[in-house]
>>> print(open('target.cif').read())   # mmCIF, C-alpha atoms
data_my_file
#
loop_
_atom_site.group_PDB
_atom_site.id
_atom_site.type_symbol
_atom_site.label_atom_id
_atom_site.label_comp_id
_atom_site.auth_asym_id
_atom_site.auth_seq_id
_atom_site.Cartn_x
_atom_site.Cartn_y
_atom_site.Cartn_z
ATOM 1 C CA MET A 1 45.705 -88.573 -30.862
ATOM 2 C CA ASP A 2 42.435 -88.496 -28.954
ATOM 3 C CA LEU A 3 39.158 -86.964 -30.087
ATOM 4 C CA PHE A 4 39.574 -83.767 -28.074
ATOM 5 C CA THR A 5 42.924 -82.926 -29.688
ATOM 6 C CA LEU A 6 41.627 -83.810 -33.154
ATOM 7 C CA VAL A 7 38.519 -81.615 -32.855
ATOM 8 C CA SER A 8 40.544 -78.716 -31.417
ATOM 9 C CA LEU A 9 43.103 -79.043 -34.217
ATOM 10 C CA ILE A 10 40.446 -79.017 -36.952
ATOM 11 C CA LEU A 11 38.738 -75.989 -35.370
ATOM 12 C CA ILE A 12 42.015 -74.088 -34.962
ATOM 13 C CA ILE A 13 43.057 -74.752 -38.586
ATOM 14 C CA ALA A 14 39.619 -73.618 -39.830
ATOM 15 C CA MET A 15 39.929 -70.497 -37.652
ATOM 16 C CA LEU A 16 43.375 -69.667 -39.070
ATOM 17 C CA ILE A 17 42.087 -70.103 -42.633
ATOM 18 C CA ALA A 18 39.134 -67.797 -41.895
ATOM 19 C CA ALA A 19 41.473 -65.213 -40.335
ATOM 20 C CA VAL A 20 43.775 -65.207 -43.389
ATOM 21 C CA VAL A 21 40.736 -64.915 -45.684
ATOM 22 C CA ALA A 22 39.443 -61.977 -43.625
ATOM 23 C CA ALA A 23 42.779 -60.178 -43.965
ATOM 24 C CA GLU A 24 43.442 -60.885 -47.653
ATOM 25 C CA ILE A 25 40.127 -60.897 -49.524
ATOM 26 C CA LYS A 26 39.125 -57.789 -51.516
ATOM 27 C CA ASP A 27 35.387 -58.202 -50.926
ATOM 28 C CA LEU A 28 34.794 -56.464 -47.593
ATOM 29 C CA LEU A 29 31.451 -58.182 -47.004
ATOM 30 C CA SER A 30 33.128 -61.601 -47.258
ATOM 31 C CA ALA A 31 35.900 -60.338 -44.975
ATOM 32 C CA ALA A 32 33.318 -59.352 -42.339
ATOM 33 C CA ILE A 33 31.627 -62.760 -42.616
ATOM 34 C CA ALA A 34 35.030 -64.457 -42.242
ATOM 35 C CA MET A 35 35.637 -62.440 -39.053
ATOM 36 C CA GLY A 36 32.267 -63.632 -37.784
ATOM 37 C CA ILE A 37 33.352 -67.223 -38.502
ATOM 38 C CA VAL A 38 36.562 -66.613 -36.499
ATOM 39 C CA SER A 39 34.513 -65.414 -33.494
ATOM 40 C CA LEU A 40 32.132 -68.352 -33.827
ATOM 41 C CA ILE A 41 34.978 -70.900 -33.824
ATOM 42 C CA VAL A 42 36.622 -69.095 -30.894
ATOM 43 C CA SER A 43 33.374 -69.385 -28.954
ATOM 44 C CA ILE A 44 33.171 -73.130 -29.730
ATOM 45 C CA LEU A 45 36.787 -73.482 -28.529
ATOM 46 C CA PHE A 46 35.920 -71.601 -25.317
ATOM 47 C CA TYR A 47 33.035 -74.009 -24.823
ATOM 48 C CA ILE A 48 35.138 -77.157 -25.223
ATOM 49 C CA LEU A 49 37.809 -75.610 -22.958
ATOM 50 C CA GLN A 50 35.043 -75.438 -20.289
ATOM 51 C CA ALA A 51 34.426 -71.679 -20.224
ATOM 52 C CA PRO A 52 30.733 -71.544 -21.184
ATOM 53 C CA ASP A 53 30.172 -68.010 -19.862
ATOM 54 C CA VAL A 54 32.931 -66.605 -22.067
ATOM 55 C CA ALA A 55 31.536 -68.663 -24.961
ATOM 56 C CA ILE A 56 28.089 -67.028 -24.599
ATOM 57 C CA THR A 57 29.627 -63.543 -24.525
ATOM 58 C CA GLU A 58 31.893 -64.216 -27.517
ATOM 59 C CA ALA A 59 29.049 -65.701 -29.581
ATOM 60 C CA SER A 60 26.641 -62.835 -28.922
ATOM 61 C CA ILE A 61 29.124 -59.946 -29.167
ATOM 62 C CA GLY A 62 31.758 -61.245 -31.608
ATOM 63 C CA ALA A 63 29.552 -63.185 -34.003
ATOM 64 C CA GLY A 64 26.386 -61.134 -33.490
ATOM 65 C CA LEU A 65 26.658 -57.460 -32.591
ATOM 66 C CA SER A 66 30.057 -56.502 -34.047
ATOM 67 C CA LEU A 67 29.395 -58.431 -37.288
ATOM 68 C CA ALA A 68 26.059 -56.658 -37.770
ATOM 69 C CA ILE A 69 27.604 -53.255 -37.066
ATOM 70 C CA MET A 70 30.440 -53.952 -39.525
ATOM 71 C CA ILE A 71 28.028 -55.060 -42.255
ATOM 72 C CA PHE A 72 25.985 -51.922 -41.643
ATOM 73 C CA ALA A 73 29.138 -49.793 -42.030
ATOM 74 C CA ILE A 74 29.952 -51.595 -45.320
ATOM 75 C CA LYS A 75 26.408 -50.955 -46.535
ATOM 76 C CA HIS A 76 26.896 -47.234 -46.001
ATOM 77 C CA THR A 77 30.331 -47.091 -47.667
ATOM 78 C CA GLU A 78 31.757 -49.322 -50.392
ATOM 79 C CA ARG A 79 31.796 -53.050 -50.713
ATOM 80 C CA TRP A 80 35.058 -53.535 -52.662
ATOM 81 C CA GLU A 81 38.518 -52.726 -51.419
ATOM 82 C CA LYS A 82 40.619 -50.777 -53.907
ATOM 83 C CA MET B 1 58.785 -54.394 -49.496
ATOM 84 C CA LYS B 2 56.158 -53.331 -46.970
ATOM 85 C CA ARG B 3 54.539 -56.766 -47.079
ATOM 86 C CA ILE B 4 57.851 -58.576 -46.533
ATOM 87 C CA LEU B 5 58.681 -56.288 -43.608
ATOM 88 C CA GLY B 6 55.226 -56.888 -42.158
ATOM 89 C CA GLY B 7 55.671 -60.643 -42.502
ATOM 90 C CA VAL B 8 59.084 -60.537 -40.775
ATOM 91 C CA ILE B 9 57.652 -58.486 -37.904
ATOM 92 C CA ALA B 10 54.702 -60.887 -37.574
ATOM 93 C CA VAL B 11 57.056 -63.908 -37.427
ATOM 94 C CA LEU B 12 59.229 -62.147 -34.820
ATOM 95 C CA ILE B 13 56.202 -61.319 -32.664
ATOM 96 C CA PHE B 14 55.033 -64.917 -32.982
ATOM 97 C CA ILE B 15 58.435 -66.244 -31.854
ATOM 98 C CA VAL B 16 58.546 -63.866 -28.866
ATOM 99 C CA LEU B 17 54.996 -64.783 -27.836
ATOM 100 C CA ALA B 18 55.720 -68.512 -28.249
ATOM 101 C CA LEU B 19 58.831 -68.187 -26.067
ATOM 102 C CA ALA B 20 56.806 -66.280 -23.463
ATOM 103 C CA PHE B 21 53.895 -68.719 -23.447
ATOM 104 C CA MET B 22 56.206 -71.771 -23.318
ATOM 105 C CA HIS B 23 56.657 -71.372 -19.570
ATOM 106 C CA ILE B 24 52.994 -70.841 -18.699
ATOM 107 C CA PRO B 25 51.503 -74.093 -17.435
ATOM 108 C CA PHE B 26 48.440 -75.201 -19.373
ATOM 109 C CA GLY B 27 45.803 -77.571 -18.070
ATOM 110 C CA ASN B 28 46.465 -79.779 -15.045
ATOM 111 C CA ILE B 29 49.507 -78.672 -13.110
ATOM 112 C CA ASP B 30 50.868 -79.923 -9.859
ATOM 113 C CA LEU B 31 50.213 -77.024 -7.497
ATOM 114 C CA ALA B 32 52.395 -78.515 -4.762
ATOM 115 C CA GLU B 33 55.478 -77.628 -6.805
ATOM 116 C CA TYR B 34 54.744 -73.916 -6.685
ATOM 117 C CA HIS B 35 55.322 -71.555 -3.791
ATOM 118 C CA TYR B 36 53.379 -68.357 -3.458
ATOM 119 C CA TYR B 37 54.287 -65.223 -1.575
ATOM 120 C CA ASN B 38 51.724 -64.152 0.964
ATOM 121 C CA PRO B 39 52.175 -60.414 1.653
ATOM 122 C CA VAL B 40 49.916 -60.409 4.734
ATOM 123 C CA ASP B 41 51.983 -62.874 6.747
ATOM 124 C CA ASN B 42 55.219 -62.127 4.813
ATOM 125 C CA GLU B 43 55.926 -65.759 4.055
ATOM 126 C CA HIS B 44 55.993 -68.215 1.187
ATOM 127 C CA THR B 45 53.083 -70.652 1.246
ATOM 128 C CA GLN B 46 51.731 -73.474 -0.866
ATOM 129 C CA ASP B 47 48.292 -71.871 -0.926
ATOM 130 C CA SER B 48 47.726 -69.847 -4.082
ATOM 131 C CA VAL B 49 45.022 -67.220 -4.463
ATOM 132 C CA PRO B 50 43.062 -69.345 -7.013
ATOM 133 C CA GLN B 51 43.246 -72.291 -4.622
ATOM 134 C CA HIS B 52 41.899 -70.096 -1.832
ATOM 135 C CA TYR B 53 38.985 -69.017 -4.039
ATOM 136 C CA LEU B 54 38.204 -72.638 -4.908
ATOM 137 C CA ASP B 55 38.439 -73.852 -1.308
ATOM 138 C CA GLU B 56 36.827 -70.979 0.592
ATOM 139 C CA GLY B 57 34.846 -69.086 -2.070
ATOM 140 C CA LYS B 58 31.536 -70.816 -1.466
ATOM 141 C CA LYS B 59 31.775 -70.276 2.275
ATOM 142 C CA GLU B 60 32.898 -66.650 2.104
ATOM 143 C CA THR B 61 30.471 -65.396 -0.559
ATOM 144 C CA GLY B 62 27.640 -67.946 -0.639
ATOM 145 C CA SER B 63 27.837 -68.061 -4.436
ATOM 146 C CA THR B 64 27.805 -71.470 -6.110
ATOM 147 C CA ASN B 65 29.499 -70.150 -9.256
ATOM 148 C CA ILE B 66 33.060 -69.278 -8.254
ATOM 149 C CA VAL B 67 33.614 -67.080 -11.324
ATOM 150 C CA THR B 68 30.725 -64.889 -10.173
ATOM 151 C CA ALA B 69 32.094 -64.918 -6.637
ATOM 152 C CA VAL B 70 35.373 -63.482 -7.948
ATOM 153 C CA VAL B 71 33.825 -61.002 -10.397
ATOM 154 C CA VAL B 72 31.134 -59.544 -8.135
ATOM 155 C CA ASP B 73 32.368 -60.159 -4.599
ATOM 156 C CA TYR B 74 36.173 -60.366 -4.366
ATOM 157 C CA ARG B 75 36.745 -58.044 -7.342
ATOM 158 C CA GLY B 76 33.467 -56.096 -7.153
ATOM 159 C CA PHE B 77 35.152 -52.709 -7.388
ATOM 160 C CA ASP B 78 36.826 -53.742 -10.681
ATOM 161 C CA THR B 79 33.403 -54.678 -12.049
ATOM 162 C CA LEU B 80 32.137 -51.190 -11.159
ATOM 163 C CA GLY B 81 35.042 -49.750 -13.145
ATOM 164 C CA GLU B 82 34.296 -52.078 -16.071
ATOM 165 C CA VAL B 83 30.648 -50.999 -16.129
ATOM 166 C CA THR B 84 31.801 -47.362 -16.049
ATOM 167 C CA VAL B 85 34.093 -47.965 -19.053
ATOM 168 C CA LEU B 86 31.184 -49.509 -20.971
ATOM 169 C CA PHE B 87 28.967 -46.553 -20.022
ATOM 170 C CA LEU B 88 31.568 -44.079 -21.330
ATOM 171 C CA ALA B 89 31.983 -46.071 -24.551
ATOM 172 C CA SER B 90 28.230 -46.123 -25.139
ATOM 173 C CA THR B 91 27.996 -42.383 -24.401
ATOM 174 C CA GLY B 92 30.824 -41.692 -26.850
ATOM 175 C CA VAL B 93 29.192 -43.745 -29.617
ATOM 176 C CA GLY B 94 25.883 -42.043 -28.957
ATOM 177 C CA SER B 95 27.352 -38.537 -29.095
ATOM 178 C CA VAL B 96 29.341 -39.224 -32.289
ATOM 179 C CA MET B 97 26.736 -41.216 -34.187
ATOM 180 C CA TYR B 98 23.541 -39.480 -33.113
ATOM 181 C CA ILE B 99 21.857 -37.605 -35.925
ATOM 182 C CA PHE B 100 18.621 -35.730 -35.449
ATOM 183 C CA GLU B 101 15.661 -37.478 -36.920
ATOM 184 C CA LYS B 102 14.428 -35.921 -40.109
ATOM 185 C CA GLU B 103 10.785 -36.320 -40.892
ATOM 186 C CA LYS B 104 11.608 -37.400 -44.435
ATOM 187 C CA ARG B 105 10.170 -40.862 -44.914
ATOM 188 C CA ARG B 106 12.612 -42.590 -47.192
ATOM 189 C CA LYS B 107 11.698 -45.739 -49.035
ATOM 190 C CA VAL B 108 12.838 -48.825 -47.123
ATOM 191 C CA ARG B 109 12.549 -52.321 -48.417
ATOM 192 C CA ARG B 110 10.652 -54.525 -45.993
ATOM 193 C CA ALA B 111 11.999 -57.915 -45.043
ATOM 194 C CA ASN B 112 9.819 -60.808 -46.160
ATOM 195 C CA ALA B 113 7.004 -62.190 -44.056
ATOM 196 C CA VAL B 114 8.911 -65.247 -42.795
ATOM 197 C CA VAL B 115 11.739 -63.114 -41.355
ATOM 198 C CA GLU B 116 9.321 -60.631 -39.764
ATOM 199 C CA THR B 117 7.133 -63.287 -38.142
ATOM 200 C CA ALA B 118 10.041 -65.438 -36.961
ATOM 201 C CA SER B 119 11.888 -62.511 -35.393
ATOM 202 C CA LYS B 120 8.683 -61.342 -33.700
ATOM 203 C CA LEU B 121 8.255 -64.824 -32.211
ATOM 204 C CA LEU B 122 11.917 -65.292 -31.232
ATOM 205 C CA PHE B 123 12.382 -61.830 -29.691
ATOM 206 C CA GLY B 124 10.625 -62.673 -26.419
ATOM 207 C CA PHE B 125 12.398 -65.984 -26.016
ATOM 208 C CA ILE B 126 15.849 -64.446 -26.537
ATOM 209 C CA ILE B 127 15.103 -61.729 -23.951
ATOM 210 C CA LEU B 128 13.887 -64.434 -21.564
ATOM 211 C CA PHE B 129 17.114 -66.392 -22.086
ATOM 212 C CA GLY B 130 19.224 -63.279 -21.426
ATOM 213 C CA ALA B 131 17.269 -62.545 -18.248
ATOM 214 C CA TYR B 132 17.692 -66.180 -17.177
ATOM 215 C CA ILE B 133 21.455 -65.917 -17.666
ATOM 216 C CA PHE B 134 21.865 -62.880 -15.418
ATOM 217 C CA VAL B 135 19.273 -63.830 -12.797
ATOM 218 C CA HIS B 136 21.014 -67.205 -12.321
ATOM 219 C CA GLY B 137 24.489 -65.656 -12.506
ATOM 220 C CA HIS B 138 25.473 -66.925 -9.055
ATOM 221 C CA LEU B 139 24.285 -70.493 -9.776
ATOM 222 C CA THR B 140 25.065 -71.328 -13.405
ATOM 223 C CA PRO B 141 27.747 -70.165 -15.867
ATOM 224 C CA GLY B 142 27.156 -66.679 -17.188
ATOM 225 C CA GLY B 143 26.216 -63.446 -15.511
ATOM 226 C CA GLY B 144 25.449 -59.812 -16.110
ATOM 227 C CA PHE B 145 27.703 -59.245 -19.112
ATOM 228 C CA PRO B 146 26.669 -62.287 -21.219
ATOM 229 C CA GLY B 147 23.019 -61.769 -20.278
ATOM 230 C CA GLY B 148 23.129 -58.123 -21.297
ATOM 231 C CA ALA B 149 24.815 -59.013 -24.589
ATOM 232 C CA VAL B 150 22.104 -61.605 -25.346
ATOM 233 C CA ILE B 151 19.395 -59.016 -24.632
ATOM 234 C CA ALA B 152 21.101 -56.526 -26.958
ATOM 235 C CA SER B 153 21.317 -59.187 -29.691
ATOM 236 C CA SER B 154 17.547 -59.732 -29.399
ATOM 237 C CA PHE B 155 17.037 -56.023 -30.102
ATOM 238 C CA LEU B 156 19.484 -56.340 -32.998
ATOM 239 C CA LEU B 157 17.171 -59.006 -34.453
ATOM 240 C CA LEU B 158 14.302 -56.512 -34.431
ATOM 241 C CA TYR B 159 16.486 -53.822 -36.033
ATOM 242 C CA LEU B 160 17.426 -56.257 -38.818
ATOM 243 C CA ALA B 161 13.881 -57.505 -39.423
ATOM 244 C CA TYR B 162 12.114 -54.137 -39.233
ATOM 245 C CA PRO B 163 14.084 -51.317 -40.901
ATOM 246 C CA ARG B 164 11.826 -48.691 -39.289
ATOM 247 C CA PHE B 165 12.168 -50.045 -35.734
ATOM 248 C CA HIS B 166 13.694 -47.780 -33.081
ATOM 249 C CA ALA B 167 14.065 -48.481 -29.381
ATOM 250 C CA GLU B 168 12.748 -45.861 -26.976
ATOM 251 C CA HIS B 169 15.717 -43.679 -26.020
ATOM 252 C CA LYS B 170 14.056 -42.426 -22.842
ATOM 253 C CA SER B 171 13.292 -45.847 -21.388
ATOM 254 C CA LEU B 172 16.779 -47.113 -22.315
ATOM 255 C CA ASN B 173 18.371 -44.196 -20.475
ATOM 256 C CA VAL B 174 16.081 -44.611 -17.447
ATOM 257 C CA ALA B 175 16.841 -48.368 -17.212
ATOM 258 C CA GLU B 176 20.578 -47.739 -17.544
ATOM 259 C CA SER B 177 20.660 -44.991 -14.917
ATOM 260 C CA LEU B 178 18.519 -46.921 -12.430
ATOM 261 C CA ALA B 179 20.713 -50.020 -12.810
ATOM 262 C CA GLY B 180 23.893 -47.990 -12.279
ATOM 263 C CA LEU B 181 22.359 -46.297 -9.227
ATOM 264 C CA THR B 182 21.388 -49.713 -7.814
ATOM 265 C CA PHE B 183 24.971 -50.972 -8.163
ATOM 266 C CA VAL B 184 26.499 -47.917 -6.461
ATOM 267 C CA GLY B 185 23.670 -47.780 -3.894
ATOM 268 C CA VAL B 186 24.233 -51.385 -2.824
ATOM 269 C CA GLY B 187 27.951 -50.627 -2.500
ATOM 270 C CA ILE B 188 27.357 -47.537 -0.350
ATOM 271 C CA LEU B 189 24.808 -49.433 1.772
ATOM 272 C CA GLY B 190 27.544 -51.972 2.493
ATOM 273 C CA LEU B 191 29.850 -49.102 3.440
ATOM 274 C CA PHE B 192 27.329 -47.821 5.980
ATOM 275 C CA LEU B 193 26.291 -51.207 7.391
ATOM 276 C CA ALA B 194 29.657 -52.962 7.644
ATOM 277 C CA GLY B 195 32.377 -50.460 6.843
ATOM 278 C CA TYR B 196 33.401 -51.825 3.432
ATOM 279 C CA PHE B 197 32.297 -50.660 -0.020
ATOM 280 C CA LEU B 198 30.281 -53.469 -1.715
ATOM 281 C CA TYR B 199 30.187 -55.523 1.492
ATOM 282 C CA ASN B 200 27.952 -58.586 1.183
ATOM 283 C CA PHE B 201 25.517 -57.606 3.942
ATOM 284 C CA LEU B 202 22.447 -59.707 3.038
ATOM 285 C CA PRO B 203 22.050 -63.241 4.452
ATOM 286 C CA PHE B 204 23.683 -65.899 2.268
ATOM 287 C CA GLY B 205 20.817 -68.404 2.423
ATOM 288 C CA LEU B 206 21.169 -71.974 1.239
ATOM 289 C CA PRO B 207 23.692 -72.551 -1.560
ATOM 290 C CA THR B 208 22.314 -73.534 -5.010
ATOM 291 C CA TYR B 209 19.009 -71.762 -4.254
ATOM 292 C CA LEU B 210 17.898 -68.738 -6.266
ATOM 293 C CA PHE B 211 17.729 -66.479 -3.209
ATOM 294 C CA SER B 212 21.250 -67.036 -1.963
ATOM 295 C CA ALA B 213 24.652 -65.331 -2.007
ATOM 296 C CA GLY B 214 23.450 -62.064 -0.447
ATOM 297 C CA VAL B 215 23.849 -59.017 -2.676
ATOM 298 C CA ILE B 216 25.451 -60.860 -5.624
ATOM 299 C CA PRO B 217 22.141 -61.519 -7.500
ATOM 300 C CA VAL B 218 21.027 -57.905 -6.909
ATOM 301 C CA ILE B 219 24.275 -56.548 -8.357
ATOM 302 C CA TYR B 220 24.245 -58.976 -11.273
ATOM 303 C CA VAL B 221 20.653 -58.111 -12.234
ATOM 304 C CA ALA B 222 21.669 -54.434 -12.167
ATOM 305 C CA VAL B 223 24.758 -55.168 -14.308
ATOM 306 C CA GLY B 224 22.666 -57.211 -16.752
ATOM 307 C CA VAL B 225 20.071 -54.461 -17.219
ATOM 308 C CA LYS B 226 22.802 -51.844 -17.541
ATOM 309 C CA VAL B 227 24.878 -53.766 -20.106
ATOM 310 C CA GLY B 228 21.749 -54.732 -22.055
ATOM 311 C CA SER B 229 20.472 -51.159 -22.313
ATOM 312 C CA GLU B 230 23.938 -49.766 -23.123
ATOM 313 C CA LEU B 231 24.624 -52.251 -25.940
ATOM 314 C CA THR B 232 21.089 -51.695 -27.264
ATOM 315 C CA GLY B 233 21.853 -47.974 -27.264
ATOM 316 C CA ILE B 234 25.054 -48.609 -29.251
ATOM 317 C CA VAL B 235 23.137 -50.790 -31.756
ATOM 318 C CA ASP B 236 20.476 -48.081 -32.006
ATOM 319 C CA ALA B 237 23.070 -45.382 -32.645
ATOM 320 C CA MET B 238 24.753 -47.503 -35.335
ATOM 321 C CA MET B 239 21.636 -48.848 -37.027
ATOM 322 C CA GLY B 240 19.518 -45.762 -36.659
ATOM 323 C CA VAL B 241 21.708 -43.457 -38.766
ATOM 324 C CA ARG B 242 19.047 -41.481 -40.584
ATOM 325 C CA GLU B 243 19.898 -40.055 -43.931
#
>>> encode(input="target.cif", output="structure tokens")
Amino acid sequence: MDLFTLVSLILIIAMLIAAVVAAEIKDLLSAAIAMGIVSLIVSILFYILQAPDVAITEASIGAGLSLAIMIFAIKHTERWEK
Amino acid sequence: MKRILGGVIAVLIFIVLALAFMHIPFGNIDLAEYHYYNPVDNEHTQDSVPQHYLDEGKKETGSTNIVTAVVVDYRGFDTLGEVTVLFLASTGVGSVMYIFEKEKRRKVRRANAVVETASKLLFGFIILFGAYIFVHGHLTPGGGFPGGAVIASSFLLLYLAYPRFHAEHKSLNVAESLAGLTFVGVGILGLFLAGYFLYNFLPFGLPTYLFSAGVIPVIYVAVGVKVGSELTGIVDAMMGVRE
């Protein structure tokens, strides 16, 4: 197994864990942060798959704008899922 | 019961997707094995459309970045539609979320001095980076959409650091409208000069230089300004909900 496969595998497993956490956890703020982590890892994967332009867009929109908007929505509603 | 059913459906969807993706070649494939149908000459050829873009793209559009050549030149009309979709989305968010400003000054907690100073310093650099991305869209990876998103994230930084900060609605709208008009105007100019909408009528210049690729940089600067002001408007509508 070469380095590229190993790094991709570690990133993909971390991304899957973050996605499951985002779906299952009762704390909505942590769920939003976990979704941000998913976008961040996706953007790193785009970068190592040689799509830097998509990586820039994913990092700024997925990990930046949508995360901030979601946290703002949580701030105006409730933090804990019932 | 619901959870089990959901799990079964998820596994089924995964299996179907895996079966579908099994036949899609990934990475280096031998293109000589594949035959493509060419509807113009009504024959099967070895030359695929992606191969044509890679071989002839630089010559036909003058753009060093082939992704930009496809997005702005070959598929320029699609990009106009994409920008229109984003404009409608931003208008919808603005009309749903906009609440008239009340003159009631509520207590807001200020961020600490480190955050305020750092975001004030970084703001200009992030805007500069966004502008760099869309000005060099035809030379380096990136383009109007990533550049606009980076510019919007710089405004987001100011919204987070200063709870009272609000972008000027008027100047955002003026920038957005002018950028959209530039895009459509360049397209119509091509229609008048050469007979095709969005025809690349300016001289191509030398490849890898900033002033090259004809109208592609003009369109990408317009797209960058438009996307940046639209996303900033969305952030403003979301963050600026006044109570």
>>> residues_around(input="target.cif", residues="segment 34-46 of chain A", least_positions_apart="2", cutoff="12 Å", atoms="all atoms listed in the file", output="NGL selection string")
:A and (4-5 or 7-25 or 27-32 or 48-71)
>>> axis_aligned_box(input="target.cif", around="segment 22-33 of chain A", padding_each_side="3 Å", output="JSON")
{"center_x": 37.4, "center_y": -59.6, "center_z": -46.9, "size_x": 18.0, "size_y": 12.3, "size_z": 15.2}
>>> resolve_selection(input="target.cif", expression="the PyMOL selection byres ((chain B) within 12 of (chain A))", output="PyMOL selection string")
chain B and resi 3+26-27+65+67-68+97+126+129-130+133-134+136-157+159-160+163+227-228+231-243
>>> closest_residue(input="target.cif", among="B:Leu86, B:Ala18, B:Leu54, B:Gly62", to="Thr208 of chain B", atoms="only C-alpha atoms")
B:Gly62
>>> atom_distance(input="target.cif", atom1="atom CA of Glu176 of chain B", atom2="atom CA of Ala89 of chain B")
13.5 Å
>>> atom_distance(input="target.cif", atom1="atom CA of Val70 of chain B", atom2="atom CA of Phe87 of chain B")
21.8 Å
>>> closest_residue(input="target.cif", among="B:Gly185, B:Val93, B:Tyr199, B:Gly180", to="Gly81 of chain B", atoms="only C-alpha atoms")
B:Gly180
>>> closest_residue(input="target.cif", among="B:Thr79, B:Asn173, B:Asn112, B:Ser95", to="Tyr220 of chain B", atoms="all atoms listed in the file")
B:Thr79
>>> build_atoms(input="target.cif", residues="segment 136-154 of chain B", atoms="N, CA and C atoms", output="JSON list (two decimals), in the coordinates of the input")
[["chain", "number", "residue", "atom", "x", "y", "z"],
["B", 136, "HIS", "N", 20.36, -66.04, -12.89],
["B", 136, "HIS", "CA", 21.01, -67.20, -12.32],
["B", 136, "HIS", "C", 22.53, -67.08, -12.35],
["B", 137, "GLY", "N", 23.04, -65.84, -12.38],
["B", 137, "GLY", "CA", 24.49, -65.66, -12.51],
["B", 137, "GLY", "C", 25.29, -66.28, -11.39],
["B", 138, "HIS", "N", 24.72, -66.37, -10.17],
["B", 138, "HIS", "CA", 25.47, -66.92, -9.06],
["B", 138, "HIS", "C", 25.32, -68.43, -8.96],
["B", 139, "LEU", "N", 24.50, -69.05, -9.84],
["B", 139, "LEU", "CA", 24.28, -70.49, -9.78],
["B", 139, "LEU", "C", 24.86, -71.21, -10.98],
["B", 140, "THR", "N", 24.63, -70.66, -12.18],
["B", 140, "THR", "CA", 25.06, -71.33, -13.40],
["B", 140, "THR", "C", 26.05, -70.44, -14.14],
["B", 141, "PRO", "N", 26.81, -70.99, -15.11],
["B", 141, "PRO", "CA", 27.75, -70.17, -15.87],
["B", 141, "PRO", "C", 27.05, -69.00, -16.54],
["B", 142, "GLY", "N", 27.75, -67.89, -16.61],
["B", 142, "GLY", "CA", 27.16, -66.68, -17.19],
["B", 142, "GLY", "C", 27.03, -65.62, -16.12],
["B", 143, "GLY", "N", 26.37, -64.53, -16.46],
["B", 143, "GLY", "CA", 26.22, -63.45, -15.51],
["B", 143, "GLY", "C", 25.72, -62.21, -16.21],
["B", 144, "GLY", "N", 26.00, -61.06, -15.61],
["B", 144, "GLY", "CA", 25.45, -59.81, -16.11],
["B", 144, "GLY", "C", 25.91, -59.46, -17.51],
["B", 145, "PHE", "N", 27.19, -59.66, -17.80],
["B", 145, "PHE", "CA", 27.70, -59.24, -19.11],
["B", 145, "PHE", "C", 27.18, -60.12, -20.24],
["B", 146, "PRO", "N", 27.27, -61.47, -20.16],
["B", 146, "PRO", "CA", 26.67, -62.29, -21.22],
["B", 146, "PRO", "C", 25.17, -62.07, -21.35],
["B", 147, "GLY", "N", 24.47, -61.96, -20.22],
["B", 147, "GLY", "CA", 23.02, -61.77, -20.28],
["B", 147, "GLY", "C", 22.65, -60.48, -20.98],
["B", 148, "GLY", "N", 23.38, -59.40, -20.64],
["B", 148, "GLY", "CA", 23.13, -58.12, -21.30],
["B", 148, "GLY", "C", 23.41, -58.18, -22.79],
["B", 149, "ALA", "N", 24.48, -58.90, -23.16],
["B", 149, "ALA", "CA", 24.82, -59.01, -24.59],
["B", 149, "ALA", "C", 23.73, -59.78, -25.33],
["B", 150, "VAL", "N", 23.18, -60.84, -24.69],
["B", 150, "VAL", "CA", 22.10, -61.60, -25.35],
["B", 150, "VAL", "C", 20.87, -60.73, -25.53],
["B", 151, "ILE", "N", 20.55, -59.91, -24.51],
["B", 151, "ILE", "CA", 19.40, -59.02, -24.63],
["B", 151, "ILE", "C", 19.60, -58.02, -25.76],
["B", 152, "ALA", "N", 20.83, -57.47, -25.87],
["B", 152, "ALA", "CA", 21.10, -56.53, -26.96],
["B", 152, "ALA", "C", 20.99, -57.22, -28.31],
["B", 153, "SER", "N", 21.41, -58.51, -28.39],
["B", 153, "SER", "CA", 21.32, -59.19, -29.69],
["B", 153, "SER", "C", 19.86, -59.44, -30.06],
["B", 154, "SER", "N", 18.96, -59.59, -29.06],
["B", 154, "SER", "CA", 17.55, -59.73, -29.40],
["B", 154, "SER", "C", 17.00, -58.44, -30.00]]
